[in-house]
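Engineer: Dropping in run_30.tsv, which is TSV, C-alpha atoms and all ligand atoms:
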chain	number	residue	atom	x	y	z
A	36	MET	CA	110.55	207.83	40.62
A	37	LYS	CA	111.96	209.58	37.56
A	38	VAL	CA	110.75	213.08	36.76
A	39	ASP	CA	111.85	214.53	33.42
A	40	PHE	CA	113.00	218.15	33.40
A	41	PHE	CA	110.70	218.95	30.47
A	42	LYS	CA	108.01	217.36	28.32
A	43	HIS	CA	106.46	219.19	25.39
A	44	ASN	CA	102.73	219.45	24.84
A	45	ILE	CA	102.30	218.51	21.21
A	46	ASP	CA	99.14	216.42	20.79
A	47	ARG	CA	97.42	214.40	18.08
A	48	ARG	CA	95.66	217.45	16.63
A	49	ASP	CA	98.98	219.28	16.21
A	50	ILE	CA	100.47	216.27	14.48
A	51	ALA	CA	97.41	216.09	12.19
A	52	GLU	CA	97.98	219.77	11.28
A	53	VAL	CA	101.56	218.96	10.35
A	54	GLY	CA	100.25	216.03	8.28
A	55	ARG	CA	98.01	218.42	6.38
A	56	VAL	CA	101.02	220.56	5.44
A	57	LEU	CA	103.09	217.52	4.49
A	58	ASN	CA	100.27	216.30	2.26
A	59	SER	CA	100.11	219.68	0.53
A	60	ILE	CA	102.51	220.97	-2.09
A	61	PHE	CA	103.93	223.94	-0.20
A	62	LEU	CA	106.27	223.24	2.73
A	63	THR	CA	108.16	226.49	3.22
A	64	THR	CA	106.96	229.99	4.21
A	65	GLY	CA	103.39	230.30	2.95
A	66	LYS	CA	99.77	230.47	4.00
A	67	THR	CA	100.18	228.49	7.24
A	68	VAL	CA	102.94	230.86	8.40
A	69	ALA	CA	100.79	233.89	7.54
A	70	GLU	CA	97.88	232.38	9.50
A	71	PHE	CA	100.11	231.71	12.49
A	72	GLU	CA	101.54	235.23	12.34
A	73	GLU	CA	98.05	236.72	12.38
A	74	GLN	CA	96.97	234.50	15.26
A	75	PHE	CA	100.16	235.24	17.24
A	76	ALA	CA	99.91	239.01	16.72
A	77	ALA	CA	96.30	238.92	17.95
A	78	TYR	CA	97.29	236.86	21.02
A	79	VAL	CA	100.08	239.20	22.14
A	80	GLY	CA	98.11	242.29	21.11
A	81	ALA	CA	100.63	243.53	18.55
A	82	ARG	CA	99.73	244.84	15.11
A	83	HIS	CA	102.25	242.59	13.31
A	84	ALA	CA	104.12	239.34	13.89
A	85	VAL	CA	106.83	237.82	11.70
A	86	GLY	CA	107.78	234.13	11.98
A	87	VAL	CA	111.48	233.27	11.95
A	88	THR	CA	113.65	230.24	12.75
A	89	SER	CA	114.59	231.22	16.34
A	90	CYS	CA	114.47	233.94	18.95
A	91	THR	CA	118.17	234.49	18.26
A	92	ALA	CA	117.26	235.30	14.64
A	93	ALA	CA	114.39	237.49	15.87
A	94	LEU	CA	116.77	239.51	18.06
A	95	HIS	CA	119.40	239.75	15.31
A	96	LEU	CA	116.92	240.98	12.69
A	97	SER	CA	115.22	243.38	15.12
A	98	LEU	CA	118.59	245.03	15.75
A	99	LEU	CA	119.36	245.21	12.01
A	100	ALA	CA	115.91	246.56	11.19
A	101	HIS	CA	116.60	249.43	13.59
A	102	GLY	CA	119.93	250.19	11.93
A	103	ILE	CA	122.06	248.96	14.82
A	104	GLY	CA	125.52	247.71	13.88
A	105	PRO	CA	129.27	248.26	14.24
A	106	GLY	CA	130.25	251.07	16.61
A	107	ASP	CA	126.93	250.91	18.48
A	108	GLU	CA	126.40	249.80	22.07
A	109	VAL	CA	123.37	247.85	23.27
A	110	ILE	CA	122.53	247.60	26.95
A	111	THR	CA	121.31	244.24	28.29
A	112	THR	CA	121.63	241.90	31.27
A	113	PRO	CA	124.18	239.15	31.96
A	114	MET	CA	121.44	237.08	33.68
A	115	THR	CA	120.15	235.53	30.46
A	116	PHE	CA	120.86	232.85	27.90
A	117	CYS	CA	123.89	233.77	25.78
A	118	ALA	CA	121.59	234.15	22.72
A	119	THR	CA	120.62	237.66	23.88
A	120	SER	CA	124.12	239.14	23.84
A	121	ASN	CA	125.27	236.90	20.96
A	122	ALA	CA	122.59	238.51	18.77
A	123	ILE	CA	124.09	241.91	19.59
A	124	LEU	CA	127.49	240.59	18.46
A	125	HIS	CA	125.94	239.06	15.29
A	126	ALA	CA	124.70	242.56	14.43
A	127	GLY	CA	128.27	243.85	14.84
A	128	ALA	CA	127.40	245.93	17.92
A	129	THR	CA	128.81	245.70	21.46
A	130	PRO	CA	126.82	244.40	24.43
A	131	VAL	CA	127.01	246.47	27.62
A	132	PHE	CA	125.69	244.75	30.73
A	133	VAL	CA	123.84	246.07	33.76
A	134	ASP	CA	123.33	243.94	36.85
A	135	ALA	CA	120.13	242.15	37.91
A	136	GLU	CA	117.63	242.87	40.69
A	137	PRO	CA	118.04	240.44	43.60
A	138	GLU	CA	114.27	239.97	44.10
A	139	THR	CA	113.35	238.96	40.54
A	140	GLY	CA	116.59	238.34	38.64
A	141	ASN	CA	115.41	240.82	36.00
A	142	MET	CA	117.59	243.60	34.61
A	143	ASN	CA	117.79	246.40	37.19
A	144	ALA	CA	116.24	249.37	35.37
A	145	GLU	CA	117.77	251.77	37.91
A	146	LEU	CA	121.27	250.93	36.63
A	147	ILE	CA	120.68	251.57	32.92
A	148	GLU	CA	121.12	255.35	32.83
A	149	LYS	CA	124.70	255.19	34.14
A	150	LYS	CA	125.71	253.02	31.16
A	151	ILE	CA	124.27	255.33	28.48
A	152	ASN	CA	126.80	257.27	26.38
A	153	ARG	CA	127.07	258.65	22.82
A	154	LYS	CA	127.40	255.15	21.34
A	155	THR	CA	124.34	253.70	23.06
A	156	ARG	CA	121.59	252.86	20.56
A	157	ALA	CA	119.33	250.27	22.17
A	158	VAL	CA	118.27	248.38	25.27
A	159	ILE	CA	117.35	244.69	25.33
A	160	PRO	CA	115.42	243.87	28.50
A	161	VAL	CA	114.99	240.13	29.11
A	162	HIS	CA	111.72	239.06	30.78
A	163	LEU	CA	113.44	236.46	32.92
A	164	TYR	CA	111.67	233.17	33.69
A	165	GLY	CA	108.39	234.70	32.45
A	166	GLN	CA	108.17	237.88	34.52
A	167	MET	CA	108.37	241.16	32.65
A	168	CYS	CA	110.93	243.85	33.41
A	169	ASP	CA	109.74	247.30	34.42
A	170	MET	CA	108.85	248.31	30.84
A	171	LYS	CA	107.29	251.65	31.77
A	172	LYS	CA	110.53	252.78	33.39
A	173	ILE	CA	112.66	251.39	30.55
A	174	ARG	CA	110.48	253.05	27.88
A	175	THR	CA	110.54	256.44	29.60
A	176	LEU	CA	114.31	256.34	29.96
A	177	SER	CA	114.76	255.14	26.37
A	178	ASP	CA	112.59	257.97	25.04
A	179	LYS	CA	114.72	260.48	26.95
A	180	TYR	CA	117.88	259.21	25.17
A	181	ARG	CA	116.19	258.15	21.87
A	182	LEU	CA	117.06	254.49	22.30
A	183	THR	CA	115.40	251.53	20.58
A	184	VAL	CA	113.88	248.95	22.94
A	185	ILE	CA	113.92	245.33	21.82
A	186	GLU	CA	112.38	242.89	24.29
A	187	ASP	CA	113.76	239.40	24.74
A	188	ALA	CA	110.39	237.78	25.47
A	189	ALA	CA	111.58	234.19	24.93
A	190	HIS	CA	110.09	233.26	28.34
A	191	ALA	CA	107.17	235.63	28.34
A	192	ILE	CA	104.50	234.97	25.67
A	193	GLU	CA	101.71	235.03	28.28
A	194	ALA	CA	103.14	237.78	30.49
A	195	GLU	CA	101.72	241.17	31.47
A	196	ARG	CA	102.87	243.85	33.91
A	197	ASP	CA	101.34	247.23	34.76
A	198	SER	CA	98.69	246.37	32.10
A	199	VAL	CA	101.45	246.18	29.47
A	200	ARG	CA	102.15	243.12	27.32
A	201	PRO	CA	105.45	242.25	25.57
A	202	GLY	CA	105.73	244.28	22.36
A	203	GLU	CA	103.44	247.03	23.61
A	204	LEU	CA	106.11	249.49	24.78
A	205	GLY	CA	109.12	247.93	23.05
A	206	ASP	CA	109.84	248.70	19.40
A	207	ALA	CA	109.94	244.94	18.86
A	208	ALA	CA	109.50	241.87	21.06
A	209	CYS	CA	111.25	238.59	20.27
A	210	PHE	CA	109.82	235.17	21.09
A	211	SER	CA	111.21	231.64	21.04
A	212	PHE	CA	109.54	228.35	20.09
A	213	TYR	CA	112.63	226.32	20.97
A	214	ALA	CA	112.12	222.74	22.22
A	215	THR	CA	111.66	223.61	25.92
A	216	LYS	CA	109.69	226.85	25.63
A	217	ASN	CA	106.01	227.28	26.59
A	218	ILE	CA	104.90	226.52	23.02
A	219	THR	CA	107.32	224.86	20.61
A	220	SER	CA	108.06	223.85	17.05
A	221	GLY	CA	111.41	222.30	18.03
A	222	GLU	CA	113.12	225.41	16.69
A	223	GLY	CA	111.33	228.63	15.85
A	224	GLY	CA	110.77	232.24	16.79
A	225	ALA	CA	108.82	235.40	16.05
A	226	VAL	CA	109.05	239.18	16.22
A	227	ALA	CA	105.99	241.17	17.32
A	228	THR	CA	105.86	244.87	16.57
A	229	ARG	CA	103.45	247.79	16.29
A	230	SER	CA	105.36	249.12	13.28
A	231	GLY	CA	104.36	247.99	9.79
A	232	LYS	CA	107.66	249.35	8.48
A	233	THR	CA	109.68	247.20	10.92
A	234	ALA	CA	107.57	244.12	10.10
A	235	ASP	CA	108.05	244.60	6.34
A	236	LEU	CA	111.79	245.09	6.74
A	237	ILE	CA	112.13	241.97	8.90
A	238	LYS	CA	110.11	239.98	6.32
A	239	MET	CA	112.73	240.89	3.74
A	240	LEU	CA	115.70	240.40	6.04
A	241	ARG	CA	114.52	236.91	7.04
A	242	LEU	CA	114.73	235.79	3.39
A	243	HIS	CA	118.03	237.02	1.94
A	244	GLY	CA	116.76	240.58	1.56
A	245	ILE	CA	114.76	239.67	-1.56
A	246	ASP	CA	111.53	241.47	-2.31
A	247	LYS	CA	109.28	238.52	-3.24
A	248	ALA	CA	108.86	235.31	-1.25
A	249	ALA	CA	108.57	231.89	-2.94
A	250	ILE	CA	104.84	231.83	-2.11
A	251	ASP	CA	104.32	234.91	-4.32
A	252	ARG	CA	106.00	233.18	-7.24
A	253	TYR	CA	103.89	230.08	-6.59
A	254	THR	CA	100.49	231.73	-6.19
A	255	LYS	CA	100.85	234.54	-8.73
A	256	LEU	CA	102.13	234.89	-12.26
A	257	TYR	CA	105.91	234.72	-12.38
A	258	ARG	CA	107.61	238.05	-11.75
A	259	HIS	CA	111.32	238.53	-11.36
A	260	TRP	CA	112.45	239.28	-7.84
A	261	ASP	CA	115.24	241.63	-6.82
A	262	MET	CA	117.49	241.85	-3.76
A	263	PRO	CA	117.65	245.42	-2.50
A	264	LEU	CA	119.23	244.42	0.84
A	265	LEU	CA	121.62	241.81	2.17
A	266	GLY	CA	119.51	239.59	4.42
A	267	TRP	CA	119.77	236.21	6.17
A	268	LYS	CA	118.03	232.83	5.85
A	269	TYR	CA	115.77	232.93	8.89
A	270	ASN	CA	112.25	232.29	7.52
A	271	MET	CA	109.79	230.15	9.49
A	272	ASP	CA	108.28	227.33	7.38
A	273	ASN	CA	104.73	225.97	7.12
A	274	ILE	CA	105.63	222.81	9.06
A	275	GLN	CA	106.73	224.83	12.10
A	276	ALA	CA	103.70	227.10	11.84
A	277	ALA	CA	101.33	224.10	11.65
A	278	LEU	CA	102.80	222.72	14.88
A	279	LEU	CA	102.37	226.02	16.68
A	280	ARG	CA	98.81	226.99	15.75
A	281	GLY	CA	97.01	224.50	18.02
A	282	GLN	CA	99.39	225.07	20.92
A	283	LEU	CA	98.71	228.78	20.69
A	284	GLN	CA	94.96	228.09	20.89
A	285	ARG	CA	95.53	226.06	24.08
A	286	ILE	CA	98.10	228.44	25.58
A	287	GLY	CA	95.77	229.73	28.32
A	288	LYS	CA	94.93	226.20	29.50
A	289	LEU	CA	98.59	225.20	29.44
A	290	TRP	CA	99.45	228.27	31.53
A	291	GLU	CA	96.73	227.38	34.09
A	292	ARG	CA	98.31	223.98	34.68
A	293	ARG	CA	101.82	225.40	35.09
A	294	ASN	CA	100.43	228.09	37.38
A	295	ARG	CA	98.86	225.46	39.67
A	296	LEU	CA	102.19	223.62	39.90
A	297	TRP	CA	104.00	226.91	40.49
A	298	LEU	CA	101.76	227.78	43.45
A	299	LEU	CA	102.26	224.26	44.84
A	300	TYR	CA	106.06	224.75	44.68
A	301	GLU	CA	105.89	228.27	46.16
A	302	ASP	CA	103.73	227.13	49.09
A	303	ALA	CA	105.95	224.15	49.81
A	304	PHE	CA	109.24	226.07	49.75
A	305	SER	CA	108.13	229.26	51.53
A	306	PRO	CA	108.73	227.91	55.08
A	307	VAL	CA	112.06	226.28	54.12
A	308	ARG	CA	114.99	228.51	55.06
A	309	ARG	CA	117.58	226.78	52.86
A	310	VAL	CA	115.45	227.03	49.71
A	311	LYS	CA	114.66	230.55	48.57
A	312	THR	CA	112.42	231.54	45.67
A	313	LEU	CA	112.29	234.72	43.60
A	314	GLN	CA	109.38	237.14	43.86
A	315	THR	CA	106.49	237.83	41.54
A	316	VAL	CA	105.78	241.55	41.34
A	317	PRO	CA	102.25	242.31	42.67
A	318	GLY	CA	99.68	242.67	39.90
A	319	ALA	CA	101.93	241.12	37.25
A	320	ARG	CA	100.91	238.07	35.23
A	321	HIS	CA	103.96	235.82	35.29
A	322	ALA	CA	104.23	233.53	32.24
A	323	ARG	CA	105.40	230.72	34.57
A	324	HIS	CA	108.15	229.55	32.23
A	325	LEU	CA	110.94	228.46	34.61
A	326	PHE	CA	110.57	227.74	38.31
A	327	THR	CA	113.90	228.30	40.05
A	328	VAL	CA	115.06	227.94	43.64
A	329	LEU	CA	118.13	229.53	45.21
A	330	VAL	CA	120.23	227.34	47.50
A	331	ASN	CA	123.60	227.73	49.22
A	332	GLY	CA	126.03	228.67	46.45
A	333	ARG	CA	128.87	226.52	47.79
A	334	LYS	CA	126.60	223.45	47.85
A	335	ARG	CA	124.61	224.10	44.66
A	336	ASP	CA	126.47	221.71	42.36
A	337	ALA	CA	126.38	218.90	44.96
A	338	ILE	CA	122.64	219.49	45.42
A	339	LEU	CA	122.15	219.49	41.65
A	340	GLN	CA	123.90	216.12	41.29
A	341	ASP	CA	122.07	214.59	44.23
A	342	LEU	CA	118.72	215.63	42.72
A	343	GLN	CA	119.72	213.98	39.46
A	344	LYS	CA	120.63	210.81	41.37
A	345	LYS	CA	117.16	210.89	42.91
A	346	GLY	CA	115.72	210.99	39.36
A	347	VAL	CA	114.73	214.66	39.35
A	348	GLY	CA	115.53	216.49	36.10
A	349	VAL	CA	117.16	219.85	36.81
A	350	ALA	CA	118.89	222.67	34.93
A	351	VAL	CA	120.80	225.89	35.63
A	352	ASN	CA	119.33	229.07	34.12
A	353	TYR	CA	121.78	230.77	34.05
A	354	ARG	CA	125.44	231.10	34.84
A	355	PRO	CA	125.85	234.78	33.90
A	356	VAL	CA	126.93	235.50	30.34
A	357	HIS	CA	129.86	237.80	31.21
A	358	LEU	CA	131.72	234.91	32.87
A	359	LEU	CA	131.45	232.56	29.87
A	360	GLU	CA	134.87	231.91	28.36
A	361	TYR	CA	134.34	233.85	25.12
A	362	TYR	CA	133.06	236.96	26.93
A	363	ARG	CA	135.83	236.85	29.53
A	364	LYS	CA	138.51	236.57	26.83
A	365	GLN	CA	136.99	239.04	24.39
A	366	PHE	CA	135.90	241.74	26.85
A	367	GLY	CA	138.03	241.08	29.95
A	368	TYR	CA	135.09	240.50	32.30
A	369	ARG	CA	135.92	239.18	35.74
A	370	ARG	CA	134.19	237.74	38.76
A	371	GLY	CA	132.73	240.60	40.78
A	372	ASP	CA	131.69	242.72	37.78
A	373	PHE	CA	127.96	241.97	38.22
A	374	PRO	CA	127.59	240.64	41.78
A	375	VAL	CA	123.81	240.12	41.83
A	376	ALA	CA	123.76	238.12	38.58
A	377	GLU	CA	126.76	236.13	39.84
A	378	ASP	CA	125.04	235.36	43.15
A	379	ILE	CA	121.93	234.07	41.35
A	380	GLY	CA	124.15	232.17	38.90
A	381	ARG	CA	125.96	230.40	41.76
A	382	ARG	CA	122.80	229.49	43.68
A	383	THR	CA	120.06	228.80	41.13
A	384	ILE	CA	118.46	225.46	40.24
A	385	SER	CA	115.55	225.13	37.77
A	386	LEU	CA	112.92	222.50	38.61
A	387	PRO	CA	110.53	220.59	36.32
A	388	LEU	CA	107.53	222.75	35.30
A	389	TYR	CA	105.24	221.74	32.45
A	390	PRO	CA	101.55	220.93	31.93
A	391	ARG	CA	102.10	217.16	31.80
A	392	LEU	CA	103.90	217.16	35.18
A	393	LYS	CA	101.67	215.22	37.60
A	394	LYS	CA	100.93	216.46	41.11
A	395	ALA	CA	102.57	213.35	42.61
A	396	GLU	CA	105.69	214.06	40.56
A	397	ALA	CA	105.78	217.70	41.72
A	398	GLU	CA	105.41	216.46	45.32
A	399	TYR	CA	108.35	214.11	44.77
A	400	VAL	CA	110.39	217.04	43.40
A	401	ILE	CA	109.50	219.12	46.48
A	402	LYS	CA	110.43	216.35	48.91
A	403	SER	CA	113.69	215.65	47.08
A	404	VAL	CA	114.70	219.34	47.04
A	405	ILE	CA	113.94	219.84	50.74
A	406	ASP	CA	115.69	216.59	51.77
A	407	THR	CA	118.74	217.27	49.60
A	408	ALA	CA	119.11	220.94	50.53
A	409	GLY	CA	118.93	219.93	54.20
A	410	SER	CA	121.56	217.23	53.93
A	411	PHE	CA	124.50	219.31	52.68
B	501	LIG	C1	115.73	230.29	24.59
B	501	LIG	C2	116.16	231.69	24.76
B	501	LIG	C3	116.64	232.45	23.69
B	501	LIG	C4	116.96	231.87	22.36
B	501	LIG	O1	115.90	231.27	21.74
B	501	LIG	P1	116.17	230.43	20.41
B	501	LIG	O2	114.79	230.31	19.83
B	501	LIG	O3	116.73	229.11	20.86
B	501	LIG	O4	117.09	231.19	19.58
B	501	LIG	C5	116.91	233.79	23.88
B	501	LIG	N1	116.75	234.36	25.07
B	501	LIG	C6	116.31	233.66	26.14
B	501	LIG	C7	116.14	234.37	27.44
B	501	LIG	C8	116.04	232.29	26.01
B	501	LIG	O5	115.65	231.58	27.08
Could you take the file, read its structure, and then write that structure out as structure tokens?
Ligand SMILES: *Cc1c(COP(=O)(O)O)cnc(C)c1O

Structural biologist:
Amino acid sequence: MKVDFFKHNIDRRDIAEVGRVLNSIFLTTGKTVAEFEEQFAAYVGARHAVGVTSCTAALHLSLLAHGIGPGDEVITTPMTFCATSNAILHAGATPVFVDAEPETGNMNAELIEKKINRKTRAVIPVHLYGQMCDMKKIRTLSDKYRLTVIEDAAHAIEAERDSVRPGELGDAACFSFYATKNITSGEGGAVATRSGKTADLIKMLRLHGIDKAAIDRYTKLYRHWDMPLLGWKYNMDNIQAALLRGQLQRIGKLWERRNRLWLLYEDAFSPVRRVKTLQTVPGARHARHLFTVLVNGRKRDAILQDLQKKGVGVAVNYRPVHLLEYYRKQFGYRRGDFPVAEDIGRRTISLPLYPRLKKAEAEYVIKSVIDTAGSF
């Protein structure tokens, strides 16, 4: 049997929506993007959403919109994709890491306060694998020190914790529609925020910093535009938005199917000593983005390769950012700096989890993982 690591969920209706855009005159940021933004804001419960080309762009612009740049420090976690801390570097600021919690892999909110100094301007919690960080604690602490909170919610569109959704306590929440995320346009992203001022600023920053978008010149009488700010070229286009609208309507159903598979995995691995799983905090709605197991760190790579030989698609999310070559060279990080993130990074394996994964395939994944983990 061959089980792919990921399959997207784009269907005939989504493709028809893209066809409608392609048959129209306007391909770039226009009405379809505005409709998606409205629909997305309503889904996450934010007042505003702004479509961009990636979550990396969303993080970058959220930092810039809050005036964060050279000389500033931003606290985040090393247990994430390098996009999180790279965005801090793109803004000209310096990432400062705090270690993860062993139970969930999320940023350990207890460790943040020790890293706050005069240069600290913001915190970027990452809602790892789809489970939110302790946002109430992070918000309270950030208010005490007047820090901006920007959520990396790339995994967490559907998540909720302590009755709080992404973007509700953060000043901005950043989402990804990259090829393997819960809904996708191949590449894409969005910022959700309660602040109209932040949304307006990000709308300008995503398009060179100019004050009128092409759609305004197309739908209204020609008016000269100006460029009050230096921005980037990060605007979502109508083709991406058309792909996303239907997936967003089906997002609850897609979550249900991943949740069923998740519970199947959890049940199957819970009695197996060599295969540990992370915990879901009671009362939280986990977005069920990545299902990971922890195995013996010295055997992990052998297990990974054996699973691939058995036809099971696997991935590693993540080897911690501080040990990547660039970060080691630039900042002098060493093994031992963030022991919990390093332990997860040595032991973790991500398993296939997507709505089109069949029960028989999930059962084959389970059997392969248990057999392989037992044989090394
Ligand atoms: C995928 C991902 C990103 C980056 O998303 P892009 O849309 O590819 O820029 C950022 N953070 C996390 C945690 C991710 O998984």

Engineer: Between A:Ala157, A:Ala322, A:Ala227, A:Ala207, which is the closest to Arg292 in chain A once you count all atoms listed in the file?

Structural biologist: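 Of A:Ala157, A:Ala322, A:Ala227, A:Ala207, the one nearest Arg292 in chain A is A:Ala322, counting all atoms listed in the file.
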
Engineer: Can you tell me, as a compact mmCIF listing (two decimals) with C-alpha atoms, in the coordinates of the input, what residues are no more than 12 Å from range 259-262 of chain A when counting only C-alpha atoms, ignoring any on the same chain fewer than 2 positions away?

Structural biologist:
# COMPACT_ATOMS: atom_id res chain seq x y z
CA MET A 239 112.73 240.89 3.74
CA LEU A 240 115.70 240.40 6.04
CA LEU A 242 114.73 235.79 3.39
CA HIS A 243 118.03 237.02 1.94
CA GLY A 244 116.76 240.58 1.56
CA ILE A 245 114.76 239.67 -1.56
CA ASP A 246 111.53 241.47 -2.31
CA LYS A 247 109.28 238.52 -3.24
CA ALA A 248 108.86 235.31 -1.25
CA ALA A 249 108.57 231.89 -2.94
CA ASP A 251 104.32 234.91 -4.32
CA ARG A 252 106.00 233.18 -7.24
CA LYS A 255 100.85 234.54 -8.73
CA LEU A 256 102.13 234.89 -12.26
CA TYR A 257 105.91 234.72 -12.38
CA LEU A 264 119.23 244.42 0.84
CA LEU A 265 121.62 241.81 2.17
CA GLY A 266 119.51 239.59 4.42
CA TRP A 267 119.77 236.21 6.17

Engineer: Please identify every polymer residue within 10 Å of ligand LIG 501 (chain B), using all atoms listed in the file, and present the set as a CSV table (one decimal) with C-alpha atoms, in the coordinates of the input.

Structural biologist:
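What ended up in pocket.csv:
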chain,number,residue,atom,x,y,z
A,87,VAL,CA,111.5,233.3,12.0
A,88,THR,CA,113.6,230.2,12.8
A,89,SER,CA,114.6,231.2,16.3
A,90,CYS,CA,114.5,233.9,19.0
A,91,THR,CA,118.2,234.5,18.3
A,92,ALA,CA,117.3,235.3,14.6
A,93,ALA,CA,114.4,237.5,15.9
A,94,LEU,CA,116.8,239.5,18.1
A,95,HIS,CA,119.4,239.8,15.3
A,114,MET,CA,121.4,237.1,33.7
A,115,THR,CA,120.2,235.5,30.5
A,116,PHE,CA,120.9,232.8,27.9
A,117,CYS,CA,123.9,233.8,25.8
A,118,ALA,CA,121.6,234.2,22.7
A,119,THR,CA,120.6,237.7,23.9
A,120,SER,CA,124.1,239.1,23.8
A,121,ASN,CA,125.3,236.9,21.0
A,122,ALA,CA,122.6,238.5,18.8
A,160,PRO,CA,115.4,243.9,28.5
A,161,VAL,CA,115.0,240.1,29.1
A,162,HIS,CA,111.7,239.1,30.8
A,163,LEU,CA,113.4,236.5,32.9
A,164,TYR,CA,111.7,233.2,33.7
A,165,GLY,CA,108.4,234.7,32.4
A,186,GLU,CA,112.4,242.9,24.3
A,187,ASP,CA,113.8,239.4,24.7
A,188,ALA,CA,110.4,237.8,25.5
A,189,ALA,CA,111.6,234.2,24.9
A,190,HIS,CA,110.1,233.3,28.3
A,191,ALA,CA,107.2,235.6,28.3
A,209,CYS,CA,111.2,238.6,20.3
A,210,PHE,CA,109.8,235.2,21.1
A,211,SER,CA,111.2,231.6,21.0
A,212,PHE,CA,109.5,228.4,20.1
A,213,TYR,CA,112.6,226.3,21.0
A,214,ALA,CA,112.1,222.7,22.2
A,215,THR,CA,111.7,223.6,25.9
A,216,LYS,CA,109.7,226.8,25.6
A,219,THR,CA,107.3,224.9,20.6
A,220,SER,CA,108.1,223.8,17.0
A,221,GLY,CA,111.4,222.3,18.0
A,222,GLU,CA,113.1,225.4,16.7
A,223,GLY,CA,111.3,228.6,15.8
A,224,GLY,CA,110.8,232.2,16.8
A,225,ALA,CA,108.8,235.4,16.0
A,324,HIS,CA,108.2,229.6,32.2
A,325,LEU,CA,110.9,228.5,34.6
A,352,ASN,CA,119.3,229.1,34.1
A,353,TYR,CA,121.8,230.8,34.0

Engineer: Of the candidates A:Gly380, A:Pro317, A:Gly86, A:Pro387, which one gets nearest to Gly346 in chain A if we count all atoms listed in the file?

Structural biologist: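 Going through A:Gly380, A:Pro317, A:Gly86, A:Pro387 one by one, the smallest distance to Gly346 in chain A is for A:Pro387.
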
Engineer: Compare A:Ala395, A:Ile147, A:Met167, A:Ile218 by their minimum atom-to-atom distance to Glu195 in chain A, counting only C-alpha atoms, and give me the closest one.

Structural biologist: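 The closest residue to Glu195 in chain A is A:Met167.
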
Engineer: Distance CA of Glu148 in chain A-CA of Ile173 in chain A, one decimal place?

Structural biologist: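 Computing it gives 9.6 Å between the two atoms.
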
Engineer: What does the distance from CA of Pro105 in chain A to CA of Asn270 in chain A come to in Å, to one decimal?

Structural biologist: 24.3 Å

Engineer: Using only C-alpha atoms, which protein or nucleic acid residues come within 7 Å of Trp297 in chain A? Drop anything in the same chain fewer than 4 positions from it, and give the result as a list in words.

Structural biologist: Arg293, Glu301 and Phe326 of chain A

Engineer: Take the residues from that selection and write them out as a short mmCIF file (atom, residue, chain, number, x, y, z; two decimals), in the coordinates of the input, keeping C-alpha atoms.

Structural biologist:
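Dumped everything to result_2.cif:
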data_model
loop_
_atom_site.label_atom_id
_atom_site.label_comp_id
_atom_site.auth_asym_id
_atom_site.auth_seq_id
_atom_site.Cartn_x
_atom_site.Cartn_y
_atom_site.Cartn_z
CA ARG A 293 101.82 225.40 35.09
CA GLU A 301 105.89 228.27 46.16
CA PHE A 326 110.57 227.74 38.31
#

Engineer: Please provide the set of residues having any atom within 7 Å of Ala276 in chain A, restricted to all atoms listed in the file, with same-chain residues fewer than 5 positions apart removed, written as a ChimeraX atom specification.

Structural biologist: /A:67-68,71

Engineer: Excluding same-chain residues fewer than 5 positions from Ala84 in chain A, what lies within 8 Å of it counting all atoms listed in the file, as JSON, numbers by chain?

Structural biologist: {"A": [72, 73, 75, 76, 225, 226, 227, 228, 234]}

Engineer: Excluding range 357-368 of chain A and any residue of its chain fewer than 2 positions from it, enumerate the residues within 9 Å of it, using all atoms listed in the file, and give them as a PDB file with C-alpha atoms, keeping the file's coordinate frame.

Structural biologist:
ATOM      1  CA  PRO A 113     124.180 239.150  31.960  1.00  0.00           C
ATOM      2  CA  MET A 114     121.440 237.080  33.680  1.00  0.00           C
ATOM      3  CA  CYS A 117     123.890 233.770  25.780  1.00  0.00           C
ATOM      4  CA  PHE A 132     125.690 244.750  30.730  1.00  0.00           C
ATOM      5  CA  ARG A 354     125.440 231.100  34.840  1.00  0.00           C
ATOM      6  CA  PRO A 355     125.850 234.780  33.900  1.00  0.00           C
ATOM      7  CA  ARG A 370     134.190 237.740  38.760  1.00  0.00           C
ATOM      8  CA  GLY A 371     132.730 240.600  40.780  1.00  0.00           C
ATOM      9  CA  ASP A 372     131.690 242.720  37.780  1.00  0.00           C
ATOM     10  CA  PHE A 373     127.960 241.970  38.220  1.00  0.00           C
ATOM     11  CA  GLU A 377     126.760 236.130  39.840  1.00  0.00           C
TER      12      GLU A 377
END

Engineer: What's the separation between CA of Arg156 in chain A and CA of Ala135 in chain A, in Å to one decimal place?

Structural biologist: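 Spanning CA of Arg156 in chain A to CA of Ala135 in chain A is a straight-line distance of 20.4 Å.
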